[in-house]
>>> print(open('entry-v6.pdb').read())   # PDB, C-alpha atoms
ATOM      1  CA  MET A 218      55.839   8.943   8.594
ATOM      2  CA  LYS A 219      53.195   9.985   6.095
ATOM      3  CA  LEU A 220      50.364   7.674   5.148
ATOM      4  CA  LYS A 221      50.039   6.985   1.422
ATOM      5  CA  SER A 222      46.741   6.784  -0.408
ATOM      6  CA  HIS A 223      47.259   3.167  -1.517
ATOM      7  CA  VAL A 224      47.033   1.698   2.003
ATOM      8  CA  LEU A 225      44.810  -1.404   1.966
ATOM      9  CA  PRO A 226      41.361  -0.823   3.511
ATOM     10  CA  ASP A 227      41.898  -2.834   6.698
ATOM     11  CA  ALA A 228      45.711  -3.079   6.896
ATOM     12  CA  SER A 229      46.220  -0.315   9.464
ATOM     13  CA  PHE A 230      43.276  -1.598  11.525
ATOM     14  CA  LYS A 231      44.991  -4.999  11.740
ATOM     15  CA  ASP A 232      48.141  -3.262  12.949
ATOM     16  CA  LEU A 233      46.079  -1.548  15.632
ATOM     17  CA  LEU A 234      44.541  -4.870  16.666
ATOM     18  CA  ARG A 235      47.957  -6.323  17.414
ATOM     19  CA  ILE A 236      48.073  -4.056  20.470
ATOM     20  CA  ASP A 237      46.699  -6.138  23.345
ATOM     21  CA  ASN A 238      44.608  -3.412  24.998
ATOM     22  CA  ILE A 239      42.904  -2.566  21.662
ATOM     23  CA  PHE A 240      42.203  -6.255  20.980
ATOM     24  CA  ALA A 241      40.773  -6.707  24.482
ATOM     25  CA  ASP A 242      38.719  -3.519  24.089
ATOM     26  CA  ILE A 243      37.032  -4.818  20.920
ATOM     27  CA  ILE A 244      36.225  -8.168  22.530
ATOM     28  CA  ASN A 245      34.828  -6.474  25.641
ATOM     29  CA  VAL A 246      32.718  -3.937  23.750
ATOM     30  CA  THR A 247      31.235  -6.493  21.315
ATOM     31  CA  LEU A 248      30.805  -9.659  23.379
ATOM     32  CA  PHE A 249      30.448  -8.194  26.872
ATOM     33  CA  CYS A 250      28.676  -4.834  26.309
ATOM     34  CA  GLY A 251      31.738  -2.888  27.412
ATOM     35  CA  HIS A 252      32.218  -4.711  30.730
ATOM     36  CA  GLN A 253      35.916  -5.293  31.440
ATOM     37  CA  VAL A 254      35.869  -9.094  31.304
ATOM     38  CA  ILE A 255      39.022  -9.578  29.212
ATOM     39  CA  ASN A 256      42.257  -8.343  30.744
ATOM     40  CA  PRO A 257      44.805  -7.361  28.040
ATOM     41  CA  ASN A 258      47.639  -8.565  30.296
ATOM     42  CA  CYS A 259      46.383 -12.140  29.867
ATOM     43  CA  LEU A 260      46.534 -12.090  26.045
ATOM     44  CA  SER A 261      49.240 -13.649  23.872
ATOM     45  CA  TYR A 262      49.680 -14.063  20.124
ATOM     46  CA  PHE A 263      48.401 -17.265  18.484
ATOM     47  CA  ASP A 264      49.673 -18.236  15.032
ATOM     48  CA  THR A 265      46.715 -19.253  12.860
ATOM     49  CA  GLU A 266      48.488 -20.126   9.614
ATOM     50  CA  LEU A 267      47.752 -23.698   8.561
ATOM     51  CA  SER A 268      48.762 -25.605   5.444
ATOM     52  CA  GLN A 269      46.806 -28.740   4.611
ATOM     53  CA  ASN A 270      46.893 -31.224   1.741
ATOM     54  CA  ILE A 271      43.419 -32.455   0.922
ATOM     55  CA  GLN A 272      42.820 -35.532  -1.261
ATOM     56  CA  TYR A 273      40.009 -34.867  -3.731
ATOM     57  CA  ASN A 274      39.364 -37.642  -6.289
ATOM     58  CA  ASP A 275      42.762 -38.100  -7.978
ATOM     59  CA  ASP A 276      44.046 -34.636  -7.077
ATOM     60  CA  VAL A 277      45.751 -33.298  -3.975
ATOM     61  CA  LEU A 278      44.683 -29.783  -3.085
ATOM     62  CA  SER A 279      47.021 -27.636  -1.010
ATOM     63  CA  VAL A 280      45.112 -25.234   1.211
ATOM     64  CA  ILE A 281      46.662 -22.383   3.209
ATOM     65  CA  ARG A 282      44.309 -20.360   5.380
ATOM     66  CA  ARG A 283      44.830 -17.667   7.970
ATOM     67  CA  SER A 284      42.344 -15.537   9.845
ATOM     68  CA  ASP A 285      43.101 -11.852  10.460
ATOM     69  CA  LEU A 286      44.198 -12.079  14.056
ATOM     70  CA  MET A 287      43.841 -14.488  16.958
ATOM     71  CA  LYS A 288      45.024 -14.255  20.531
ATOM     72  CA  ARG A 289      45.105 -16.771  23.345
ATOM     73  CA  TYR A 290      43.553 -15.670  26.617
ATOM     74  CA  SER A 291      44.900 -17.436  29.693
ATOM     75  CA  SER A 292      43.844 -16.501  33.200
ATOM     76  CA  SER A 293      42.950 -18.296  36.423
ATOM     77  CA  HIS A 294      39.301 -18.521  35.366
ATOM     78  CA  MET A 295      39.415 -18.686  31.560
ATOM     79  CA  ASN A 296      41.473 -20.341  28.823
ATOM     80  CA  ILE A 297      40.187 -19.518  25.348
ATOM     81  CA  LEU A 298      41.117 -18.456  21.815
ATOM     82  CA  PHE A 299      39.639 -15.204  20.504
ATOM     83  CA  GLY A 300      39.751 -14.323  16.823
ATOM     84  CA  ILE A 301      38.817 -11.053  15.098
ATOM     85  CA  GLU A 302      38.174 -10.860  11.364
ATOM     86  CA  ILE A 303      38.068  -7.347   9.884
ATOM     87  CA  GLN A 304      35.641  -7.065   6.965
ATOM     88  CA  SER A 305      35.304  -3.925   4.842
ATOM     89  CA  VAL A 306      32.759  -5.183   2.248
ATOM     90  CA  PRO A 307      29.596  -7.263   2.784
ATOM     91  CA  ASP A 308      30.108 -10.958   2.054
ATOM     92  CA  LYS A 309      27.210 -13.432   2.019
ATOM     93  CA  ASN A 310      29.705 -16.257   2.557
ATOM     94  CA  MET A 311      30.953 -14.802   5.855
ATOM     95  CA  PRO A 312      29.294 -17.504   8.018
ATOM     96  CA  ILE A 313      31.027 -20.176   5.883
ATOM     97  CA  ARG A 314      34.380 -18.445   6.244
ATOM     98  CA  ILE A 315      34.042 -18.054  10.009
ATOM     99  CA  ALA A 316      32.997 -21.683  10.364
ATOM    100  CA  GLY A 317      36.133 -22.605   8.399
ATOM    101  CA  TYR A 318      38.425 -20.409  10.511
ATOM    102  CA  THR A 319      36.945 -21.872  13.695
ATOM    103  CA  TYR A 320      37.487 -25.432  12.483
ATOM    104  CA  LEU A 321      41.072 -24.679  11.425
ATOM    105  CA  SER A 322      41.838 -23.262  14.855
ATOM    106  CA  TYR A 323      40.860 -26.566  16.431
ATOM    107  CA  VAL A 324      42.974 -28.371  13.837
ATOM    108  CA  ILE A 325      45.989 -26.218  14.786
ATOM    109  CA  LEU A 326      45.492 -27.024  18.472
ATOM    110  CA  ASP A 327      45.344 -30.723  17.630
ATOM    111  CA  LYS A 328      48.390 -30.512  15.348
ATOM    112  CA  ASN A 329      50.388 -28.802  18.131
ATOM    113  CA  LYS A 330      49.173 -31.473  20.591
ATOM    114  CA  GLU A 331      47.651 -28.773  22.762
ATOM    115  CA  LYS A 332      44.719 -29.068  25.105
ATOM    116  CA  LYS A 333      41.428 -28.340  23.342
ATOM    117  CA  ILE A 334      40.055 -24.973  24.433
ATOM    118  CA  PRO A 335      37.016 -22.995  23.182
ATOM    119  CA  VAL A 336      37.427 -20.849  20.074
ATOM    120  CA  ILE A 337      35.357 -17.692  19.595
ATOM    121  CA  MET A 338      35.608 -15.844  16.290
ATOM    122  CA  ILE A 339      33.940 -12.492  15.673
ATOM    123  CA  VAL A 340      33.643 -10.333  12.561
ATOM    124  CA  LEU A 341      34.063  -6.581  12.885
ATOM    125  CA  TYR A 342      32.420  -5.051   9.828
ATOM    126  CA  VAL A 343      33.765  -1.569   9.046
ATOM    127  CA  GLY A 344      32.318  -0.953   5.562
ATOM    128  CA  GLU A 345      30.307   2.054   4.414
ATOM    129  CA  ARG A 346      27.214   0.114   3.338
ATOM    130  CA  LYS A 347      25.107  -1.374   6.111
ATOM    131  CA  TRP A 348      25.502  -5.117   6.581
ATOM    132  CA  LYS A 349      22.441  -6.693   4.968
ATOM    133  CA  GLU A 350      23.911 -10.112   4.283
ATOM    134  CA  GLY A 351      23.039 -13.140   6.381
ATOM    135  CA  ARG A 352      24.653 -13.882   9.713
ATOM    136  CA  ARG A 353      23.784 -17.588   9.763
ATOM    137  CA  LEU A 354      25.104 -20.477   7.676
ATOM    138  CA  SER A 355      21.570 -21.308   6.567
ATOM    139  CA  GLU A 356      21.297 -17.827   5.027
ATOM    140  CA  SER A 357      24.344 -18.516   2.855
ATOM    141  CA  LEU A 358      22.965 -21.782   1.499
ATOM    142  CA  GLU A 359      19.804 -23.067  -0.117
ATOM    143  CA  VAL A 360      18.468 -25.295   2.650
ATOM    144  CA  PRO A 361      15.311 -27.259   1.709
ATOM    145  CA  LYS A 362      12.398 -26.281   3.915
ATOM    146  CA  SER A 363      11.905 -29.901   4.927
ATOM    147  CA  LEU A 364      15.435 -29.945   6.413
ATOM    148  CA  GLU A 365      15.407 -26.618   8.255
ATOM    149  CA  ASP A 366      14.705 -28.259  11.625
ATOM    150  CA  VAL A 367      17.528 -30.798  11.335
ATOM    151  CA  PHE A 368      20.149 -28.684   9.517
ATOM    152  CA  ASN A 369      23.287 -28.051  11.591
ATOM    153  CA  ASP A 370      23.184 -24.286  11.484
ATOM    154  CA  PHE A 371      26.018 -21.946  12.473
ATOM    155  CA  GLN A 372      25.835 -18.297  13.457
ATOM    156  CA  ALA A 373      28.677 -15.889  12.725
ATOM    157  CA  PRO A 374      28.959 -13.125  15.342
ATOM    158  CA  ILE A 375      29.060 -10.129  12.963
ATOM    159  CA  TYR A 376      29.282  -6.679  14.551
ATOM    160  CA  ASP A 377      28.681  -3.616  12.417
ATOM    161  CA  ILE A 378      30.838  -0.634  13.465
ATOM    162  CA  ARG A 379      27.626   1.447  13.405
ATOM    163  CA  GLU A 380      26.156  -0.678  16.188
ATOM    164  CA  ILE A 381      29.015  -0.090  18.632
ATOM    165  CA  GLU A 382      28.574   2.577  21.308
ATOM    166  CA  SER A 383      31.849   4.483  21.252
ATOM    167  CA  GLU A 384      31.519   5.597  24.872
ATOM    168  CA  ARG A 385      31.799   1.936  25.944
ATOM    169  CA  CYS A 386      35.315   1.716  24.477
ATOM    170  CA  GLN A 387      38.092   2.057  27.048
ATOM    171  CA  SER A 388      40.975   2.855  24.700
ATOM    172  CA  GLU A 389      41.172   6.336  23.216
ATOM    173  CA  GLU A 390      42.202   4.997  19.798
ATOM    174  CA  LEU A 391      39.201   2.686  19.443
ATOM    175  CA  ARG A 392      36.741   5.194  20.903
ATOM    176  CA  ASP A 393      37.869   7.906  18.478
ATOM    177  CA  LEU A 394      37.966   5.498  15.520
ATOM    178  CA  VAL A 395      34.409   4.280  16.115
ATOM    179  CA  ASP A 396      33.145   7.853  16.513
ATOM    180  CA  LEU A 397      34.963   9.027  13.369
ATOM    181  CA  LEU A 398      33.692   6.190  11.175
ATOM    182  CA  GLN A 399      30.127   6.637  12.376
ATOM    183  CA  LYS A 400      30.225  10.368  11.656
ATOM    184  CA  ILE A 401      31.745   9.823   8.199
ATOM    185  CA  TYR A 402      29.196   7.170   7.235
ATOM    186  CA  GLU A 403      26.289   9.236   8.582
ATOM    187  CA  ARG A 404      27.644  12.346   6.800
ATOM    188  CA  ASP A 405      27.681  14.066  10.182
ATOM    189  CA  PHE A 406      30.618  16.462  10.148
ATOM    190  CA  HIS A 407      29.703  18.427  13.276
ATOM    191  CA  PHE A 408      32.831  17.607  15.252
ATOM    192  CA  GLU A 409      32.474  20.610  17.569
ATOM    193  CA  GLU A 410      35.714  21.113  19.535
ATOM    194  CA  ARG A 411      36.536  17.425  20.042
ATOM    195  CA  GLU A 412      40.121  16.312  19.489
ATOM    196  CA  TYR A 413      40.871  12.942  17.913
ATOM    197  CA  ASN A 414      43.784  10.568  18.313
ATOM    198  CA  LYS A 415      46.011  10.811  15.228
ATOM    199  CA  GLN A 416      46.250   7.024  14.844
ATOM    200  CA  ALA A 417      42.442   6.836  14.806
ATOM    201  CA  CYS A 418      42.386   9.347  11.910
ATOM    202  CA  ILE A 419      44.937   7.279   9.971
ATOM    203  CA  VAL A 420      42.947   4.058  10.436
ATOM    204  CA  ALA A 421      39.699   5.840   9.521
ATOM    205  CA  PHE A 422      41.315   7.024   6.282
ATOM    206  CA  SER A 423      42.610   3.557   5.465
ATOM    207  CA  ILE A 424      39.078   2.205   5.789
ATOM    208  CA  THR A 425      37.135   4.985   4.037
ATOM    209  CA  GLY A 426      39.735   6.238   1.557
ATOM    210  CA  ASP A 427      38.928   9.784   2.688
ATOM    211  CA  LYS A 428      41.715  11.954   1.208
ATOM    212  CA  GLU A 429      40.739  14.868   3.432
ATOM    213  CA  LEU A 430      41.465  12.800   6.525
ATOM    214  CA  LEU A 431      44.745  11.696   4.946
ATOM    215  CA  GLU A 432      45.846  15.292   4.459
ATOM    216  CA  ILE A 433      44.833  16.215   7.991
ATOM    217  CA  ALA A 434      46.673  13.227   9.474
ATOM    218  CA  ASN A 435      49.813  14.016   7.486
ATOM    219  CA  ARG A 436      50.042  17.680   8.435
ATOM    220  CA  LYS A 437      49.082  17.520  12.123
ATOM    221  CA  GLU A 438      51.065  16.365  15.125
ATOM    222  CA  GLY A 439      49.529  14.996  18.283
ATOM    223  CA  LYS A 440      45.763  15.137  18.746
ATOM    224  CA  ILE A 441      43.700  16.507  15.888
ATOM    225  CA  LYS A 442      40.867  18.997  16.340
ATOM    226  CA  MET A 443      38.785  17.908  13.376
ATOM    227  CA  CYS A 444      36.518  20.948  13.091
ATOM    228  CA  GLU A 445      39.510  23.283  12.963
ATOM    229  CA  ALA A 446      41.535  21.069  10.593
ATOM    230  CA  ILE A 447      38.652  20.615   8.152
ATOM    231  CA  ARG A 448      37.970  24.355   8.177
ATOM    232  CA  GLU A 449      41.627  24.997   7.276
ATOM    233  CA  LEU A 450      41.475  22.591   4.338
ATOM    234  CA  ARG A 451      38.226  24.014   3.033
ATOM    235  CA  TYR A 452      39.582  27.530   3.318
ATOM    236  CA  GLU A 453      42.638  26.508   1.280
ATOM    237  CA  ALA A 454      40.433  24.841  -1.326
ATOM    238  CA  MET A 455      38.395  27.986  -1.677
ATOM    239  CA  MET A 456      41.527  30.117  -1.939
ATOM    240  CA  LYS A 457      42.974  27.897  -4.684
ATOM    241  CA  GLY A 458      40.171  28.354  -7.141
ATOM    242  CA  GLU A 459      36.663  28.581  -5.822
ATOM    243  CA  ILE A 460      36.933  32.283  -4.972
ATOM    244  CA  LYS A 461      37.843  34.303  -8.017
ATOM    245  CA  GLY A 462      38.269  37.976  -8.778
ATOM    246  CA  ARG A 463      39.378  39.235  -5.408
ATOM    247  CA  GLU A 464      42.668  39.665  -3.593
ATOM    248  CA  GLU A 465      43.702  36.951  -1.124
ATOM    249  CA  GLY A 466      43.697  39.305   1.858
ATOM    250  CA  GLU A 467      40.213  40.578   1.113
ATOM    251  CA  ALA A 468      38.901  37.059   0.480
ATOM    252  CA  LYS A 469      40.323  35.793   3.774
ATOM    253  CA  LYS A 470      38.717  38.687   5.621
ATOM    254  CA  GLN A 471      35.294  37.981   4.084
ATOM    255  CA  ILE A 472      35.585  34.307   4.978
ATOM    256  CA  GLU A 473      36.433  35.139   8.580
ATOM    257  CA  ILE A 474      33.448  37.505   8.739
ATOM    258  CA  ALA A 475      31.190  34.807   7.312
ATOM    259  CA  ILE A 476      32.403  32.285   9.901
ATOM    260  CA  GLU A 477      31.601  34.690  12.734
ATOM    261  CA  MET A 478      28.180  35.557  11.279
ATOM    262  CA  LYS A 479      27.282  31.864  10.953
ATOM    263  CA  LYS A 480      27.719  31.530  14.718
ATOM    264  CA  ASP A 481      24.942  34.100  15.212
ATOM    265  CA  GLU A 482      21.486  32.582  14.687
ATOM    266  CA  ARG A 483      20.084  35.997  13.753
ATOM    267  CA  PHE A 484      21.828  35.826  10.372
ATOM    268  CA  SER A 485      20.560  33.548   7.607
ATOM    269  CA  ASN A 486      22.791  32.284   4.804
ATOM    270  CA  GLU A 487      21.134  34.826   2.520
ATOM    271  CA  ASP A 488      22.082  37.645   4.920
ATOM    272  CA  ILE A 489      25.676  36.436   5.088
ATOM    273  CA  GLN A 490      25.796  36.074   1.300
ATOM    274  CA  LYS A 491      24.656  39.653   0.764
ATOM    275  CA  PHE A 492      27.101  41.032   3.332
ATOM    276  CA  THR A 493      30.229  39.097   2.277
ATOM    277  CA  GLY A 494      29.616  38.418  -1.422
ATOM    278  CA  LEU A 495      30.241  34.686  -0.936
ATOM    279  CA  SER A 496      27.994  32.227  -2.735
ATOM    280  CA  ILE A 497      25.639  29.791  -0.980
ATOM    281  CA  GLU A 498      27.901  26.943  -2.142
ATOM    282  CA  GLN A 499      30.946  28.616  -0.585
ATOM    283  CA  LEU A 500      29.089  29.252   2.669
ATOM    284  CA  ALA A 501      28.188  25.559   2.863
ATOM    285  CA  LEU A 502      31.900  24.762   3.057
ATOM    286  CA  LEU A 503      32.426  26.875   6.167
TER     287      LEU A 503
END
>>> encode(input="entry-v6.pdb", output="structure tokens")
Amino acid sequence: MKLKSHVLPDASFKDLLRIDNIFADIINVTLFCGHQVINPNCLSYFDTELSQNIQYNDDVLSVIRRSDLMKRYSSSHMNILFGIEIQSVPDKNMPIRIAGYTYLSYVILDKNKEKKIPVIMIVLYVGERKWKEGRRLSESLEVPKSLEDVFNDFQAPIYDIREIESERCQSEELRDLVDLLQKIYERDFHFEEREYNKQACIVAFSITGDKELLEIANRKEGKIKMCEAIRELRYEAMMKGEIKGREEGEAKKQIEIAIEMKKDERFSNEDIQKFTGLSIEQLALL
């Protein structure tokens, strides 16, 4: 099935999170520094949708809220609710939202007449801009200085995808996704010979809107060697219009020569340009 360009930014990531080992991997890598504390076999789905009628003056407000995804963890040593909220744009009200989701989770437990268990909500921020908004409730509000010591503050555990060490991830999908997003955001396209999980490429596209990744994911089967796939696309782009006035066979030959010369440190871009006739701009695409 081909991925379309109108996929919502975090929709495919949420689909990935529904897989227990991916969910457990994110919890372990964010909360427990990659240590395998949470066993995916002990996870089960927890429905977080809640509808409430709230009396406000003479009006009744109907409120329906749902966090991205929550799972119950039940083992011999731990019984807890974990929630993950995927965020693709900075939001200064995030601590308020997480406080609300946490409260609603306790309300759901009470409504279902279940035993009260701890609720831990985390935010996984996957946006391009660095998270510069506050991570505490007090940073979302104007708290008078005289009340700072007595204000009931709340901290939202917000984890920027840039801060995660991909090598700590156990699942291939998450490890490749974290590495891909970090390289895209850092404009580091030196993928060497590494192969990436196709699902990771699809999720990375859905988050970044990178059409190049979309095309790669749609045309490849199995694991994707990014350096090779990107080189193919750039070659095609050059053949479609950026190289003019020469036959396709000759152009392809010059490109292949340029690629080989770029591997040799003895040749500068100027040397390669003189030898092949390609422009500096065209060489930058190889």
>>> residues_around(input="entry-v6.pdb", residues="stretch 251-264 of chain A", least_positions_apart="3", cutoff="6 Å", atoms="all atoms listed in the file", output="ChimeraX atom specification")
/A:237-238,241,245-246,287-291,385
>>> axis_aligned_box(input="entry-v6.pdb", around="stretch 419-435 of chain A", padding_each_side="5 Å", output="JSON")
{"center_x": 43.5, "center_y": 9.2, "center_z": 5.8, "size_x": 22.7, "size_y": 24.0, "size_z": 19.2}
>>> residues_around(input="entry-v6.pdb", residues="stretch 334-336 of chain A", least_positions_apart="4", cutoff="8 Å", atoms="all atoms listed in the file", output="number ranges by chain")
A: 296-300, 319, 322-323
>>> closest_residue(input="entry-v6.pdb", among="A:Ile381, A:Lys415, A:Ile337, A:Tyr376", to="A:Arg436", atoms="only C-alpha atoms")
A:Lys415
>>> resolve_selection(input="entry-v6.pdb", expression="the PyMOL selection byres ((chain A and resi 232) around 12)", output="list in words")
Leu225, Pro226, Asp227, Ala228, Ser229, Phe230, Lys231, Leu233, Leu234, Arg235, Ile236, Asp237, Ile239, Phe240, Asp285, Leu286, Ile303, Gln416, Ala417, Ile419, Val420 and Ser423 of chain A
>>> closest_residue(input="entry-v6.pdb", among="A:Glu482, A:Glu473, A:Glu384, A:Glu331", to="A:Leu495", atoms="all atoms listed in the file")
A:Glu473
>>> atom_distance(input="entry-v6.pdb", atom1="atom CA of A:Asp393", atom2="atom CA of A:Asn414")
6.5 Å
>>> resolve_selection(input="entry-v6.pdb", expression="the PyMOL selection byres ((chain A and resi 408) around 12)", output="mmCIF file with C-alpha atoms, in the coordinates of the input")
data_model
loop_
_atom_site.group_PDB
_atom_site.id
_atom_site.type_symbol
_atom_site.label_atom_id
_atom_site.label_comp_id
_atom_site.auth_asym_id
_atom_site.auth_seq_id
_atom_site.Cartn_x
_atom_site.Cartn_y
_atom_site.Cartn_z
ATOM 1 C CA ASP A 393 37.869 7.906 18.478
ATOM 2 C CA ASP A 396 33.145 7.853 16.513
ATOM 3 C CA LEU A 397 34.963 9.027 13.369
ATOM 4 C CA GLN A 399 30.127 6.637 12.376
ATOM 5 C CA LYS A 400 30.225 10.368 11.656
ATOM 6 C CA ILE A 401 31.745 9.823 8.199
ATOM 7 C CA ARG A 404 27.644 12.346 6.800
ATOM 8 C CA ASP A 405 27.681 14.066 10.182
ATOM 9 C CA PHE A 406 30.618 16.462 10.148
ATOM 10 C CA HIS A 407 29.703 18.427 13.276
ATOM 11 C CA GLU A 409 32.474 20.610 17.569
ATOM 12 C CA GLU A 410 35.714 21.113 19.535
ATOM 13 C CA ARG A 411 36.536 17.425 20.042
ATOM 14 C CA GLU A 412 40.121 16.312 19.489
ATOM 15 C CA TYR A 413 40.871 12.942 17.913
ATOM 16 C CA ILE A 441 43.700 16.507 15.888
ATOM 17 C CA LYS A 442 40.867 18.997 16.340
ATOM 18 C CA MET A 443 38.785 17.908 13.376
ATOM 19 C CA CYS A 444 36.518 20.948 13.091
ATOM 20 C CA GLU A 445 39.510 23.283 12.963
ATOM 21 C CA ALA A 446 41.535 21.069 10.593
ATOM 22 C CA ILE A 447 38.652 20.615 8.152
ATOM 23 C CA ARG A 448 37.970 24.355 8.177
#
>>> atom_distance(input="entry-v6.pdb", atom1="atom CA of A:Leu391", atom2="atom CA of A:Asn310")
27.1 Å
>>> closest_residue(input="entry-v6.pdb", among="A:Met478, A:Leu431, A:Ile244, A:Ile489", to="A:Pro374", atoms="all atoms listed in the file")
A:Ile244
>>> atom_distance(input="entry-v6.pdb", atom1="atom CA of A:Leu500", atom2="atom CA of A:Ala475")
7.5 Å
>>> closest_residue(input="entry-v6.pdb", among="A:Val306, A:Ile472, A:Ile315, A:Cys250", to="A:Glu380", atoms="all atoms listed in the file")
A:Cys250
>>> closest_residue(input="entry-v6.pdb", among="A:Tyr320, A:Ile497, A:Cys418, A:Val395", to="A:Lys333", atoms="only C-alpha atoms")
A:Tyr320
>>> resolve_selection(input="entry-v6.pdb", expression="the PyMOL selection byres ((chain A and resi 339) around 6)", output="list of chain:residue names")
A:Ile301, A:Met338, A:Val340, A:Pro374
>>> decode(input="entry-v6.pdb", residues="stretch 255-261 of chain A", atoms="all heavy atoms", output="PDB file, in the first residue's frame")
ATOM      1  N   ILE A 255      10.203  -2.300  31.492  1.00  0.00           N
ATOM      2  CA  ILE A 255       8.838  -2.621  31.080  1.00  0.00           C
ATOM      3  C   ILE A 255       8.850  -3.758  30.068  1.00  0.00           C
ATOM      4  O   ILE A 255       9.460  -3.657  29.004  1.00  0.00           O
ATOM      5  CB  ILE A 255       8.148  -1.370  30.475  1.00  0.00           C
ATOM      6  CG1 ILE A 255       8.129  -0.243  31.505  1.00  0.00           C
ATOM      7  CG2 ILE A 255       6.737  -1.701  30.025  1.00  0.00           C
ATOM      8  CD1 ILE A 255       7.469  -0.598  32.827  1.00  0.00           C
ATOM      9  N   ASN A 256       8.154  -4.819  30.419  1.00  0.00           N
ATOM     10  CA  ASN A 256       8.041  -5.992  29.552  1.00  0.00           C
ATOM     11  C   ASN A 256       6.799  -5.842  28.678  1.00  0.00           C
ATOM     12  O   ASN A 256       5.690  -5.713  29.197  1.00  0.00           O
ATOM     13  CB  ASN A 256       7.935  -7.251  30.419  1.00  0.00           C
ATOM     14  CG  ASN A 256       7.876  -8.526  29.592  1.00  0.00           C
ATOM     15  OD1 ASN A 256       7.621  -8.502  28.389  1.00  0.00           O
ATOM     16  ND2 ASN A 256       8.102  -9.651  30.239  1.00  0.00           N
ATOM     17  N   PRO A 257       6.940  -5.829  27.341  1.00  0.00           N
ATOM     18  CA  PRO A 257       5.775  -5.635  26.468  1.00  0.00           C
ATOM     19  C   PRO A 257       4.692  -6.697  26.651  1.00  0.00           C
ATOM     20  O   PRO A 257       3.517  -6.442  26.387  1.00  0.00           O
ATOM     21  CB  PRO A 257       6.368  -5.690  25.057  1.00  0.00           C
ATOM     22  CG  PRO A 257       7.705  -6.321  25.199  1.00  0.00           C
ATOM     23  CD  PRO A 257       8.184  -5.982  26.563  1.00  0.00           C
ATOM     24  N   ASN A 258       5.064  -7.876  27.148  1.00  0.00           N
ATOM     25  CA  ASN A 258       4.077  -8.938  27.354  1.00  0.00           C
ATOM     26  C   ASN A 258       3.110  -8.636  28.496  1.00  0.00           C
ATOM     27  O   ASN A 258       2.088  -9.315  28.632  1.00  0.00           O
ATOM     28  CB  ASN A 258       4.795 -10.268  27.624  1.00  0.00           C
ATOM     29  CG  ASN A 258       5.608 -10.742  26.438  1.00  0.00           C
ATOM     30  OD1 ASN A 258       5.219 -10.533  25.295  1.00  0.00           O
ATOM     31  ND2 ASN A 258       6.748 -11.354  26.704  1.00  0.00           N
ATOM     32  N   CYS A 259       3.440  -7.626  29.304  1.00  0.00           N
ATOM     33  CA  CYS A 259       2.584  -7.275  30.444  1.00  0.00           C
ATOM     34  C   CYS A 259       1.707  -6.058  30.144  1.00  0.00           C
ATOM     35  O   CYS A 259       1.061  -5.520  31.046  1.00  0.00           O
ATOM     36  CB  CYS A 259       3.438  -6.993  31.681  1.00  0.00           C
ATOM     37  SG  CYS A 259       4.393  -8.419  32.254  1.00  0.00           S
ATOM     38  N   LEU A 260       1.689  -5.606  28.894  1.00  0.00           N
ATOM     39  CA  LEU A 260       0.906  -4.431  28.514  1.00  0.00           C
ATOM     40  C   LEU A 260      -0.448  -4.837  27.947  1.00  0.00           C
ATOM     41  O   LEU A 260      -0.579  -5.856  27.277  1.00  0.00           O
ATOM     42  CB  LEU A 260       1.659  -3.606  27.464  1.00  0.00           C
ATOM     43  CG  LEU A 260       2.898  -2.850  27.935  1.00  0.00           C
ATOM     44  CD1 LEU A 260       3.672  -2.314  26.736  1.00  0.00           C
ATOM     45  CD2 LEU A 260       2.523  -1.713  28.879  1.00  0.00           C
ATOM     46  N   SER A 261      -1.451  -3.993  28.202  1.00  0.00           N
ATOM     47  CA  SER A 261      -2.780  -4.186  27.606  1.00  0.00           C
ATOM     48  C   SER A 261      -3.389  -2.818  27.334  1.00  0.00           C
ATOM     49  O   SER A 261      -3.047  -1.818  27.972  1.00  0.00           O
ATOM     50  CB  SER A 261      -3.693  -5.003  28.528  1.00  0.00           C
ATOM     51  OG  SER A 261      -3.862  -4.355  29.782  1.00  0.00           O
TER      52      SER A 261
END
